[in-house]
$ cat input19.cif   # mmCIF, C-alpha atoms
data_run
loop_
_atom_site.label_atom_id
_atom_site.label_comp_id
_atom_site.auth_asym_id
_atom_site.auth_seq_id
_atom_site.Cartn_x
_atom_site.Cartn_y
_atom_site.Cartn_z
CA MET A 1 0.00 0.00 0.00
CA ASN A 2 2.71 2.43 -1.00
CA GLY A 3 1.84 5.80 -2.43
CA CYS A 4 0.63 9.22 -1.43
CA TRP A 5 -2.64 9.09 0.48
CA LYS A 6 -4.99 12.05 0.46
CA LYS A 7 -7.86 12.75 2.84
CA GLY A 8 -11.03 13.73 1.05
CA ALA A 9 -14.66 14.75 1.54
CA LEU A 10 -16.89 13.40 -1.23
CA HIS A 11 -20.27 14.64 0.00
CA THR A 12 -20.92 18.20 1.23
CA HIS A 13 -23.69 20.79 1.07
CA SER A 14 -23.74 24.57 0.96
CA PHE A 15 -26.16 27.42 0.27
CA TRP A 16 -26.37 26.10 -3.28
CA SER A 17 -28.94 23.73 -1.75
CA ASP A 18 -29.64 22.91 1.92
CA GLY A 19 -26.29 23.53 3.61
CA GLU A 20 -25.65 26.19 6.25
CA ALA A 21 -22.70 28.00 4.67
CA PHE A 22 -21.46 29.63 1.51
CA PRO A 23 -19.54 27.14 -0.65
CA GLU A 24 -16.18 28.80 0.00
CA GLN A 25 -16.83 28.45 3.75
CA VAL A 26 -17.47 24.74 3.25
CA VAL A 27 -14.09 24.48 1.56
CA LEU A 28 -12.36 26.57 4.23
CA ARG A 29 -13.69 24.47 7.12
CA HIS A 30 -12.34 21.30 5.48
CA LEU A 31 -8.98 22.92 4.75
CA GLU A 32 -8.70 23.96 8.39
CA ARG A 33 -9.35 20.37 9.49
CA GLY A 34 -6.60 18.79 7.47
CA TYR A 35 -8.42 17.64 4.35
CA ASP A 36 -6.52 17.46 1.07
CA PHE A 37 -9.56 17.75 -1.18
CA VAL A 38 -13.24 18.51 -0.91
CA CYS A 39 -16.03 17.91 -3.39
CA LEU A 40 -19.02 20.27 -3.36
CA THR A 41 -22.12 18.16 -4.04
CA ASP A 42 -25.32 20.10 -3.59
CA HIS A 43 -28.76 18.73 -4.36
CA ASN A 44 -29.48 19.03 -8.08
CA ASN A 45 -27.12 21.99 -8.39
CA LEU A 46 -23.61 21.91 -9.80
CA GLY A 47 -23.04 25.51 -8.75
CA LEU A 48 -22.45 26.90 -12.23
CA ASP A 49 -24.84 29.89 -12.02
CA PRO A 50 -22.87 33.13 -11.45
CA GLN A 51 -26.13 34.95 -10.68
CA PHE A 52 -27.34 32.87 -7.75
CA TRP A 53 -28.76 35.33 -5.20
CA LEU A 54 -30.21 34.66 -1.75
CA TYR A 55 -32.65 36.87 0.13
CA VAL A 56 -31.13 37.99 3.45
CA ILE A 57 -33.48 37.61 6.41
CA GLN A 58 -32.98 40.12 9.22
CA PRO A 59 -33.25 39.05 12.90
CA GLU A 60 -36.28 41.26 13.53
CA GLN A 61 -38.22 39.29 10.91
CA GLY A 62 -38.36 36.32 13.28
CA PRO A 63 -37.02 32.76 13.13
CA PHE A 64 -37.87 30.16 10.50
CA PRO A 65 -39.78 27.08 11.66
CA GLY A 66 -37.27 24.80 13.35
CA GLY A 67 -34.65 27.54 13.42
CA LEU A 68 -33.21 26.57 10.05
CA PRO A 69 -30.69 29.04 8.59
CA TYR A 70 -31.75 28.57 4.97
CA ILE A 71 -35.10 27.84 3.40
CA GLY A 72 -36.17 28.41 -0.19
CA GLY A 73 -33.62 31.00 -1.32
CA CYS A 74 -33.21 32.79 2.01
CA VAL A 75 -30.27 33.16 4.39
CA TRP A 76 -29.92 34.57 7.90
CA GLN A 77 -28.11 37.88 8.37
CA ALA A 78 -26.01 36.05 11.00
CA ALA A 79 -24.81 33.62 8.32
CA LEU A 80 -23.82 36.55 6.12
CA ASP A 81 -21.95 38.11 9.06
CA ARG A 82 -19.97 34.89 9.51
CA TYR A 83 -19.13 34.86 5.81
CA GLN A 84 -17.88 38.45 5.94
CA ALA A 85 -15.64 37.50 8.87
CA ASP A 86 -14.19 34.56 6.92
CA PHE A 87 -13.83 36.42 3.60
CA PRO A 88 -13.66 40.17 4.27
CA GLY A 89 -14.25 42.36 1.26
CA LEU A 90 -15.73 39.62 -0.94
CA THR A 91 -19.43 40.08 -0.18
CA GLU A 92 -21.67 41.20 -3.05
CA THR A 93 -25.13 42.46 -2.12
CA LYS A 94 -27.99 44.24 -3.85
CA THR A 95 -31.39 45.61 -2.94
CA ALA A 96 -34.55 44.92 -4.92
CA ALA A 97 -38.15 45.62 -3.88
CA ASP A 98 -36.90 46.65 -0.42
CA ARG A 99 -35.19 43.30 0.03
CA LYS A 100 -31.50 42.70 0.55
CA TYR A 101 -29.85 39.92 -1.48
CA VAL A 102 -26.39 38.37 -1.38
CA ARG A 103 -24.69 36.63 -4.30
CA VAL A 104 -23.39 33.09 -3.85
CA ARG A 105 -20.26 32.53 -5.90
CA SER A 106 -20.18 29.89 -8.64
CA LEU A 107 -18.02 26.77 -8.64
CA PRO A 108 -15.36 28.27 -10.97
CA GLU A 109 -15.10 31.29 -8.67
CA VAL A 110 -14.78 29.12 -5.56
CA LYS A 111 -12.06 27.05 -7.21
CA SER A 112 -10.22 30.24 -8.14
CA LEU A 113 -10.24 31.45 -4.52
CA PHE A 114 -8.30 28.37 -3.42
CA ARG A 115 -6.10 27.88 -6.47
CA ARG A 116 -3.01 29.18 -4.69
CA GLN A 117 -3.49 26.79 -1.78
CA ARG A 118 -0.78 24.28 -2.62
CA GLY A 119 -1.62 20.62 -2.16
CA PHE A 120 -5.35 21.26 -1.84
CA ILE A 121 -8.10 20.62 -4.39
CA VAL A 122 -11.68 21.81 -4.77
CA MET A 123 -13.77 19.45 -6.90
CA GLY A 124 -17.16 20.02 -8.44
CA GLY A 125 -20.00 17.58 -8.03
CA GLU A 126 -23.72 17.17 -7.57
CA GLU A 127 -26.06 15.07 -5.49
CA VAL A 128 -28.76 14.11 -7.97
CA SER A 129 -31.79 13.73 -5.70
CA PHE A 130 -35.20 12.19 -6.23
CA CYS A 131 -38.21 11.36 -4.07
CA LEU A 132 -40.69 8.76 -5.31
CA ARG A 133 -44.16 8.91 -3.80
CA THR A 134 -46.81 6.26 -4.31
CA SER A 135 -50.30 5.91 -2.89
CA ARG A 136 -48.88 3.84 -0.01
CA THR A 137 -45.35 5.00 0.65
CA ARG A 138 -42.36 7.12 -0.37
CA TYR A 139 -38.72 6.45 -1.24
CA GLN A 140 -35.66 8.64 -1.66
CA LEU A 141 -32.79 8.15 -4.10
CA HIS A 142 -29.61 10.24 -3.95
CA MET A 143 -26.75 9.78 -6.42
CA GLY A 144 -23.37 11.49 -6.22
CA VAL A 145 -21.67 12.51 -9.47
CA LEU A 146 -18.12 13.81 -9.04
CA ASN A 147 -16.04 15.91 -11.43
CA LEU A 148 -18.91 16.25 -13.89
CA GLU A 149 -18.69 19.33 -16.12
CA LYS A 150 -22.39 19.61 -16.96
CA GLN A 151 -25.26 19.66 -14.49
CA MET A 152 -27.26 16.45 -14.51
CA ASP A 153 -31.02 16.83 -14.19
CA CYS A 154 -32.71 13.95 -12.39
CA LEU A 155 -34.96 11.59 -14.37
CA SER A 156 -37.89 9.80 -12.75
CA GLY A 157 -39.09 6.22 -13.10
CA ARG A 158 -41.98 4.11 -11.87
CA SER A 159 -39.82 2.54 -9.18
CA LEU A 160 -36.59 3.36 -7.41
CA PRO A 161 -34.55 0.70 -9.28
CA GLU A 162 -35.92 1.98 -12.60
CA THR A 163 -35.11 5.56 -11.58
CA LEU A 164 -31.58 4.50 -10.66
CA ARG A 165 -31.13 2.79 -14.02
CA LYS A 166 -32.40 5.77 -16.01
CA ASN A 167 -30.16 8.21 -14.19
CA LYS A 168 -27.09 5.99 -14.44
CA ASP A 169 -27.68 5.75 -18.21
CA LEU A 170 -28.03 9.53 -18.41
CA TYR A 171 -24.83 9.97 -16.41
CA ASP A 172 -22.97 7.61 -18.76
CA LYS A 173 -24.05 9.70 -21.76
CA ILE A 174 -22.93 12.95 -20.13
CA ARG A 175 -19.63 11.44 -19.05
CA LYS A 176 -18.82 10.22 -22.56
CA ARG A 177 -19.10 13.79 -23.84
CA GLN A 178 -16.40 15.14 -21.52
CA LYS A 179 -12.67 14.46 -21.54
CA ALA A 180 -12.16 14.54 -17.77
CA PRO A 181 -12.90 11.38 -15.77
CA SER A 182 -15.93 11.34 -13.52
CA LEU A 183 -17.34 9.10 -10.81
CA PHE A 184 -20.85 7.88 -9.96
CA ILE A 185 -21.55 6.97 -6.32
CA LEU A 186 -24.83 5.71 -4.94
CA ASN A 187 -25.32 7.73 -1.77
CA HIS A 188 -26.78 6.19 1.42
CA PRO A 189 -28.87 3.53 -0.39
CA GLY A 190 -30.70 2.61 2.80
CA GLY A 191 -31.90 6.19 2.95
CA TYR A 192 -33.96 6.91 5.98
CA TYR A 193 -35.77 3.58 6.03
CA TYR A 194 -34.72 0.82 3.61
CA ASP A 195 -35.24 3.03 0.56
CA LEU A 196 -33.19 0.96 -1.89
CA GLU A 197 -32.68 -2.78 -1.43
CA PRO A 198 -29.60 -4.84 -2.41
CA GLU A 199 -31.37 -6.28 -5.48
CA ALA A 200 -31.03 -2.89 -7.20
CA LEU A 201 -27.23 -3.10 -7.05
CA ILE A 202 -27.13 -6.80 -7.81
CA GLU A 203 -29.01 -6.10 -11.04
CA ASN A 204 -27.22 -2.81 -11.86
CA ASP A 205 -23.72 -4.24 -11.64
CA ASP A 206 -22.17 -1.35 -13.57
CA ILE A 207 -22.57 0.77 -10.42
CA ARG A 208 -19.18 0.32 -8.76
CA HIS A 209 -19.26 2.70 -5.78
CA PHE A 210 -21.63 3.36 -2.89
CA GLU A 211 -21.63 5.04 0.50
CA LEU A 212 -20.89 2.33 3.01
CA CYS A 213 -21.14 4.90 5.79
CA ASN A 214 -22.89 8.26 5.73
CA SER A 215 -22.53 9.89 9.14
CA ASN A 216 -25.51 12.15 8.53
CA VAL A 217 -28.17 9.69 7.39
CA ASP A 218 -26.80 6.67 9.28
CA GLY A 219 -26.55 8.81 12.40
CA VAL A 220 -30.29 9.57 12.47
CA GLY A 221 -32.08 8.49 15.63
CA GLY A 222 -31.22 5.85 18.17
CA GLU A 223 -32.21 2.26 18.76
CA GLY A 224 -35.88 3.19 18.57
CA SER A 225 -35.56 4.46 15.01
CA PHE A 226 -36.39 1.00 13.65
CA ARG A 227 -39.27 -0.63 15.51
CA HIS A 228 -38.57 -3.90 13.77
CA PRO A 229 -35.11 -5.38 14.44
CA LEU A 230 -32.61 -4.16 11.86
CA LEU A 231 -32.78 -6.54 8.87
CA TYR A 232 -29.35 -5.61 7.59
CA ASP A 233 -26.83 -2.89 8.29
CA ASN A 234 -24.72 -1.22 5.63
CA GLU A 235 -21.97 -3.85 5.79
CA LYS A 236 -24.50 -6.64 5.34
CA PHE A 237 -25.99 -4.72 2.40
CA TRP A 238 -22.47 -4.58 0.91
CA ASP A 239 -21.90 -8.29 1.39
CA ILE A 240 -25.28 -9.22 -0.08
CA VAL A 241 -24.46 -7.33 -3.26
CA ASN A 242 -20.89 -8.60 -3.54
CA ALA A 243 -21.75 -12.22 -2.77
CA HIS A 244 -24.11 -12.30 -5.75
CA ARG A 245 -21.80 -10.28 -8.00
CA ALA A 246 -18.75 -12.38 -7.16
CA GLU A 247 -20.49 -15.69 -7.75
CA ASP A 248 -21.84 -14.36 -11.05
CA GLY A 249 -18.41 -13.09 -12.14
CA LYS A 250 -19.42 -9.43 -12.01
CA ALA A 251 -17.43 -6.42 -10.83
CA LEU A 252 -17.40 -5.96 -7.07
CA LEU A 253 -19.04 -3.00 -5.34
CA LEU A 254 -16.61 -0.61 -3.62
CA GLY A 255 -17.33 1.35 -0.46
CA ALA A 256 -16.91 5.02 0.44
CA ALA A 257 -17.63 7.07 3.56
CA SER A 258 -18.74 10.66 4.03
CA ASP A 259 -19.99 13.22 6.51
CA ASP A 260 -22.73 14.43 4.16
CA SER A 261 -21.98 17.72 5.92
CA HIS A 262 -24.54 20.51 6.18
CA TYR A 263 -23.52 22.58 9.23
CA TYR A 264 -20.28 24.49 9.70
CA THR A 265 -20.73 26.89 12.63
CA PRO A 266 -18.64 26.36 15.78
CA GLU A 267 -21.77 25.18 17.59
CA ARG A 268 -22.65 22.48 15.06
CA ILE A 269 -19.56 21.53 13.08
CA ASP A 270 -18.70 18.70 15.48
CA LEU A 271 -22.23 17.27 15.55
CA ARG A 272 -23.88 14.67 13.31
CA THR A 273 -24.19 16.92 10.27
CA GLY A 274 -20.79 18.57 10.65
CA VAL A 275 -17.25 17.85 9.46
CA GLY A 276 -14.65 15.22 10.30
CA ARG A 277 -16.52 12.04 11.21
CA ALA A 278 -16.25 10.02 7.98
CA TRP A 279 -14.06 10.40 4.91
CA VAL A 280 -12.04 8.57 2.26
CA MET A 281 -8.30 8.10 1.89
CA VAL A 282 -7.33 8.09 -1.79
CA ASN A 283 -3.95 7.01 -3.16
CA CYS A 284 -2.72 9.75 -5.50
CA PRO A 285 0.98 9.26 -6.29
CA GLY A 286 2.42 11.68 -8.79
CA ARG A 287 0.39 14.71 -9.80
CA PHE A 288 -2.40 15.61 -7.38
CA HIS A 289 -5.38 16.80 -9.42
CA GLU A 290 -9.14 16.31 -9.65
CA ASN A 291 -8.62 13.84 -12.47
CA THR A 292 -6.07 11.74 -10.59
CA VAL A 293 -8.37 11.54 -7.57
CA VAL A 294 -11.18 10.21 -9.74
CA GLU A 295 -8.89 7.83 -11.61
CA ALA A 296 -7.58 6.40 -8.33
CA MET A 297 -11.11 5.82 -7.08
CA GLU A 298 -12.08 4.20 -10.37
CA ARG A 299 -9.23 1.74 -9.78
CA GLY A 300 -10.48 1.08 -6.27
CA ASP A 301 -7.33 2.65 -4.82
CA TYR A 302 -9.08 4.19 -1.82
CA TYR A 303 -10.70 3.19 1.44
CA PRO A 304 -13.41 4.57 3.75
CA THR A 305 -12.70 5.43 7.35
CA LEU A 306 -14.21 6.92 10.49
CA GLY A 307 -10.80 7.64 11.99
CA VAL A 308 -8.72 4.46 11.76
CA ILE A 309 -5.80 4.86 9.33
CA PHE A 310 -4.07 2.02 7.50
CA GLU A 311 -0.29 1.96 7.43
CA SER A 312 -0.32 -0.77 4.80
CA VAL A 313 -2.76 -3.01 2.97
CA SER A 314 -1.71 -5.63 0.43
CA PHE A 315 -3.41 -8.45 -1.42
CA GLU A 316 -1.15 -11.00 -3.09
CA LYS A 317 -1.81 -14.58 -4.12
CA GLY A 318 -5.06 -14.69 -2.20
CA THR A 319 -3.65 -13.30 1.06
CA LEU A 320 -4.92 -10.00 2.46
CA ARG A 321 -2.48 -8.33 4.86
CA ILE A 322 -3.32 -5.28 6.91
CA ARG A 323 -1.38 -3.03 9.26
CA ILE A 324 -2.95 -0.16 11.21
CA LYS A 325 -1.24 3.11 12.03
CA PRO A 326 -1.95 3.07 15.77
CA GLU A 327 -3.11 5.99 17.86
CA GLU A 328 -1.88 6.29 21.44
CA LYS A 329 -3.92 4.40 24.06
CA GLN A 330 -6.24 2.83 21.47
CA LYS A 331 -6.81 -0.89 21.05
CA TYR A 332 -7.81 -2.47 17.75
CA THR A 333 -9.66 -5.49 16.41
CA ILE A 334 -9.24 -6.69 12.82
CA ARG A 335 -11.90 -8.87 11.20
CA PHE A 336 -11.79 -10.60 7.83
CA VAL A 337 -15.20 -11.02 6.21
CA THR A 338 -16.17 -13.29 3.33
CA THR A 339 -19.00 -15.25 1.74
CA ARG A 340 -18.47 -18.83 0.63
CA ARG A 341 -19.32 -20.13 -2.81
CA GLY A 342 -22.65 -21.93 -2.92
CA PHE A 343 -24.33 -19.70 -0.33
CA SER A 344 -28.10 -19.92 -0.21
CA ARG A 345 -29.73 -17.49 -2.64
CA LYS A 346 -33.16 -18.05 -1.20
CA VAL A 347 -34.87 -14.75 -0.47
CA ASN A 348 -37.82 -14.43 1.88
CA SER A 349 -39.88 -11.33 2.49
CA ILE A 350 -41.19 -9.46 5.49
CA ASP A 351 -44.04 -6.96 5.60
CA LEU A 352 -43.23 -3.88 7.66
CA THR A 353 -46.39 -2.02 6.71
CA GLY A 354 -47.30 -1.58 10.36
CA ASP A 355 -43.91 -0.23 11.42
CA SER A 356 -45.42 3.17 12.17
CA PRO A 357 -44.41 6.00 11.98
CA ARG A 358 -42.05 4.77 9.27
CA PRO A 359 -43.30 4.45 5.66
CA PRO A 360 -44.61 0.97 4.82
CA ARG A 361 -42.16 -1.50 3.32
CA ILE A 362 -42.17 -5.09 2.08
CA LEU A 363 -38.52 -6.11 2.27
CA SER A 364 -36.31 -9.00 1.23
CA VAL A 365 -34.60 -11.17 3.83
CA TYR A 366 -31.31 -12.81 2.83
CA SER A 367 -29.38 -15.82 4.05
CA ASN A 368 -27.16 -15.61 7.13
CA GLU A 369 -24.53 -17.42 5.06
CA ILE A 370 -23.71 -14.06 3.49
CA GLY A 371 -21.05 -11.84 5.04
CA CYS A 372 -19.50 -14.09 7.70
CA VAL A 373 -16.45 -13.31 9.84
CA ALA A 374 -13.77 -15.77 8.70
CA ALA A 375 -11.11 -14.67 11.19
CA GLU A 376 -10.66 -12.09 13.94
CA PHE A 377 -7.49 -10.75 15.57
CA ALA A 378 -6.61 -8.30 18.32
CA GLY A 379 -3.80 -5.89 17.53
CA THR A 380 -2.61 -3.62 14.76
CA GLU A 381 -1.71 -6.15 12.06
CA ALA A 382 -3.13 -9.38 10.71
CA GLN A 383 -3.49 -11.43 7.55
CA TYR A 384 -5.94 -13.88 6.03
CA THR A 385 -5.47 -16.31 3.15
CA MET A 386 -8.58 -17.01 1.11
CA LYS A 387 -9.98 -20.53 1.21
CA PRO A 388 -10.81 -22.22 -2.11
CA ASP A 389 -14.53 -21.49 -1.72
CA ASP A 390 -14.19 -17.86 -0.54
CA LEU A 391 -15.80 -15.58 -3.11
CA TYR A 392 -13.99 -12.47 -1.84
CA VAL A 393 -12.42 -11.12 1.33
CA ARG A 394 -12.43 -7.71 2.96
CA ALA A 395 -11.00 -6.46 6.25
CA VAL A 396 -12.58 -4.30 8.94
CA ALA A 397 -10.39 -2.52 11.49
CA VAL A 398 -12.18 -1.29 14.62
CA SER A 399 -10.77 0.91 17.37
CA ASP A 400 -12.06 1.09 20.94
CA LYS A 401 -12.52 4.85 20.53
CA ALA A 402 -16.19 5.80 20.26
CA THR A 403 -17.51 7.74 17.28
CA ARG A 404 -19.53 10.92 17.66
CA CYS A 405 -22.67 9.39 16.13
CA ARG A 406 -25.20 7.13 17.81
CA GLY A 407 -27.53 6.22 14.96
CA THR A 408 -29.10 2.82 14.39
CA ARG A 409 -26.86 2.01 11.42
CA HIS A 410 -23.75 3.99 12.33
CA PRO A 411 -20.71 2.18 13.80
CA GLU A 412 -20.31 2.73 17.51
CA PHE A 413 -16.51 2.84 17.31
CA GLU A 414 -14.00 4.35 14.89
CA THR A 415 -13.61 1.98 11.95
CA ALA A 416 -11.87 1.61 8.60
CA TRP A 417 -12.65 -0.87 5.84
CA THR A 418 -10.52 -2.24 3.04
CA GLN A 419 -12.15 -2.72 -0.31
CA PRO A 420 -13.19 -6.31 -1.13
CA TYR A 421 -10.62 -8.45 -2.94
CA ARG A 422 -10.84 -11.68 -4.88
CA LYS A 423 -8.38 -13.83 -6.75
CA ASN A 424 -7.51 -12.73 -10.29
CA LYS A 425 -10.24 -10.08 -10.43
CA SER A 426 -10.93 -6.75 -8.68
#

$ encode --input "input19.cif" --output "structure tokens"
Amino acid sequence: MNGCWKKGALHTHSFWSDGEAFPEQVVLRHLERGYDFVCLTDHNNLGLDPQFWLYVIQPEQGPFPGGLPYIGGCVWQAALDRYQADFPGLTETKTAADRKYVRVRSLPEVKSLFRRQRGFIVMGGEEVSFCLRTSRTRYQLHMGVLNLEKQMDCLSGRSLPETLRKNKDLYDKIRKRQKAPSLFILNHPGGYYYDLEPEALIENDDIRHFELCNSNVDGVGGEGSFRHPLLYDNEKFWDIVNAHRAEDGKALLLGAASDDSHYYTPERIDLRTGVGRAWVMVNCPGRFHENTVVEAMERGDYYPTLGVIFESVSFEKGTLRIRIKPEEKQKYTIRFVTTRRGFSRKVNSIDLTGDSPRPPRILSVYSNEIGCVAAEFAGTEAQYTMKPDDLYVRAVAVSDKATRCRGTRHPEFETAWTQPYRKNKS
């Protein structure tokens, strides 16, 4: 695992959609916290409009419902004051119909502000977002597109899997028309309540990347968030998809992690929707550029983490070796996870229609033969050699240091995951 590893945020939000800061503040907060690159990924907005103005709400006009800083094209005066403190002299305002407006800079302008910051990259992106409502229920689908040059407008389908397929096809067409590489990531597929099931990624095997951990969505609620016992967590979801793909000879699904950050004030930046709880480490030897970041991720040369850092990872001749870069006074456990060839593909179903107040769901239940711990070790280094019937192997490194999130699906302790490996094929 030699190379030059860069810390990156793949999923962030600003005033271009539902974040709590101007895009350049989002970048600045990540730079201050030791990130090497940040991707701005607002909902259905690539940030290309140089005339994007927000109405400034004054304190005497009263609070928004829920105290939100931004709703429907508006921004608090306090948020503008914070921006002026961060970037003095850069504010552009105007008055129209007795209302004060502030301009939000475009992506090219934001990139230009940080161009002289050596060893740091601002990437463009978009979270293509869709909500499907039926007579009985609702589902959400969010797709991250990184380093795309043209904004991608979301297409709708009759179901979430169909919507995913249509948008992936649209993305492929847009990507072919640009020279720069781009990346498609399925964001938090579980959504807020089993929104997208593993079948969608078993069938759509050209989707290579997904959010294994999203510290915003996965951090929602506590143990009572799911009245029915959790059918599968994000790791089990991952194994379900990869067990089927591996046995069918398809490309494996790779995992990412993100904060999905929305809040950047001192009071909220360290909370669930803030910065610094989940990120990716990407191997970028040689020139460090948006394109090389994407190319490395396309190769699978990255890993997701909630704080644990790998000193080395290697996979040779069926043996996965891992060494952790230890933090003082922390203890570690390393697990190797696999699924054996010939696992049961029988799928049962469970009706969660009465799981109020959650939206009704009829969900698939998969075999417990999928995603089993093949070996477990205490310490900072370990190795595992694949057995003849192992379809793939991946490693999970867990610290005894607690994370800052307590959601139903969020890991309790700081964790890092290797990508899955298999013999003779990635």

$ residues_around --input "input19.cif" --residues "Gly191 of chain A" --least-positions-apart "6" --cutoff "9 Å" --atoms "only C-alpha atoms" --output "list in words"
Tyr139, Gln140, Leu141, His142, Val217 and Asp218 of chain A

$ atom_distance --input "input19.cif" --atom1 "atom CA of Ala9 of chain A" --atom2 "atom CA of Leu31 of chain A"
10.5 Å

$ resolve_selection --input "input19.cif" --expression "the PyMOL selection byres ((chain A and resi 156) around 10)" --output "PyMOL selection string"
chain A and resi 130-132+153-155+157-160+162-167

$ closest_residue --input "input19.cif" --among "A:Glu109, A:Glu24, A:Asp270, A:Asp195" --to "Pro50 of chain A" --atoms "only C-alpha atoms"
A:Glu109

$ resolve_selection --input "input19.cif" --expression "the PyMOL selection byres ((chain A and resi 245-262) around 8)" --output "JSON, numbers by chain"
{"A": [9, 10, 11, 12, 13, 14, 18, 19, 20, 21, 202, 205, 206, 207, 208, 209, 210, 211, 212, 213, 214, 215, 216, 217, 238, 241, 242, 243, 244, 263, 264, 272, 273, 274, 275, 276, 277, 278, 279, 280, 300, 303, 304, 305, 306, 341, 391, 392, 419, 420, 426]}

$ atom_distance --input "input19.cif" --atom1 "atom CA of Val56 of chain A" --atom2 "atom CA of Thr41 of chain A"
23.0 Å

$ closest_residue --input "input19.cif" --among "A:Thr93, A:Asn234, A:Ser135, A:Thr408" --to "Gly190 of chain A" --atoms "only C-alpha atoms"
A:Asn234

$ atom_distance --input "input19.cif" --atom1 "atom CA of Leu46 of chain A" --atom2 "atom CA of Leu170 of chain A"
15.7 Å

$ axis_aligned_box --input "input19.cif" --around "segment 321-336 of chain A" --padding-each-side "3 Å" --output "AutoDock Vina command-line options"
--center_x -6.6 --center_y -2.2 --center_z 14.5 --size_x 16.7 --size_y 22.9 --size_z 25.2

$ closest_atom_pairs --input "input19.cif" --of "segment 205-319 of chain A" --to "segment 376-380 of chain A" --cutoff "12 Å" --atoms "only C-alpha atoms" --output "tab-separated table"
residue	atom	partner	partner_atom	distance
A:Val308	CA	A:Thr380	CA	10.6
A:Ile309	CA	A:Thr380	CA	10.6
A:Phe310	CA	A:Thr380	CA	9.3
A:Glu311	CA	A:Thr380	CA	9.5
A:Ser312	CA	A:Thr380	CA	10.6
A:Val313	CA	A:Thr380	CA	11.8

$ decode --input "input19.cif" --residues "segment 266-300 of chain A" --atoms "C-alpha atoms" --output "CSV table (one decimal), in the first residue's frame"
chain,number,residue,atom,x,y,z
A,266,PRO,CA,-18.6,26.4,15.8
A,267,GLU,CA,-21.8,25.2,17.6
A,268,ARG,CA,-22.7,22.5,15.1
A,269,ILE,CA,-19.6,21.5,13.1
A,270,ASP,CA,-18.7,18.7,15.5
A,271,LEU,CA,-22.2,17.3,15.6
A,272,ARG,CA,-23.9,14.7,13.3
A,273,THR,CA,-24.2,16.9,10.3
A,274,GLY,CA,-20.8,18.6,10.7
A,275,VAL,CA,-17.2,17.9,9.5
A,276,GLY,CA,-14.7,15.2,10.3
A,277,ARG,CA,-16.5,12.0,11.2
A,278,ALA,CA,-16.2,10.0,8.0
A,279,TRP,CA,-14.1,10.4,4.9
A,280,VAL,CA,-12.0,8.6,2.3
A,281,MET,CA,-8.3,8.1,1.9
A,282,VAL,CA,-7.3,8.1,-1.8
A,283,ASN,CA,-4.0,7.0,-3.2
A,284,CYS,CA,-2.7,9.8,-5.5
A,285,PRO,CA,1.0,9.3,-6.3
A,286,GLY,CA,2.4,11.7,-8.8
A,287,ARG,CA,0.4,14.7,-9.8
A,288,PHE,CA,-2.4,15.6,-7.4
A,289,HIS,CA,-5.4,16.8,-9.4
A,290,GLU,CA,-9.1,16.3,-9.7
A,291,ASN,CA,-8.6,13.8,-12.5
A,292,THR,CA,-6.1,11.7,-10.6
A,293,VAL,CA,-8.4,11.5,-7.6
A,294,VAL,CA,-11.2,10.2,-9.7
A,295,GLU,CA,-8.9,7.8,-11.6
A,296,ALA,CA,-7.6,6.4,-8.3
A,297,MET,CA,-11.1,5.8,-7.1
A,298,GLU,CA,-12.1,4.2,-10.4
A,299,ARG,CA,-9.2,1.7,-9.8
A,300,GLY,CA,-10.5,1.1,-6.3
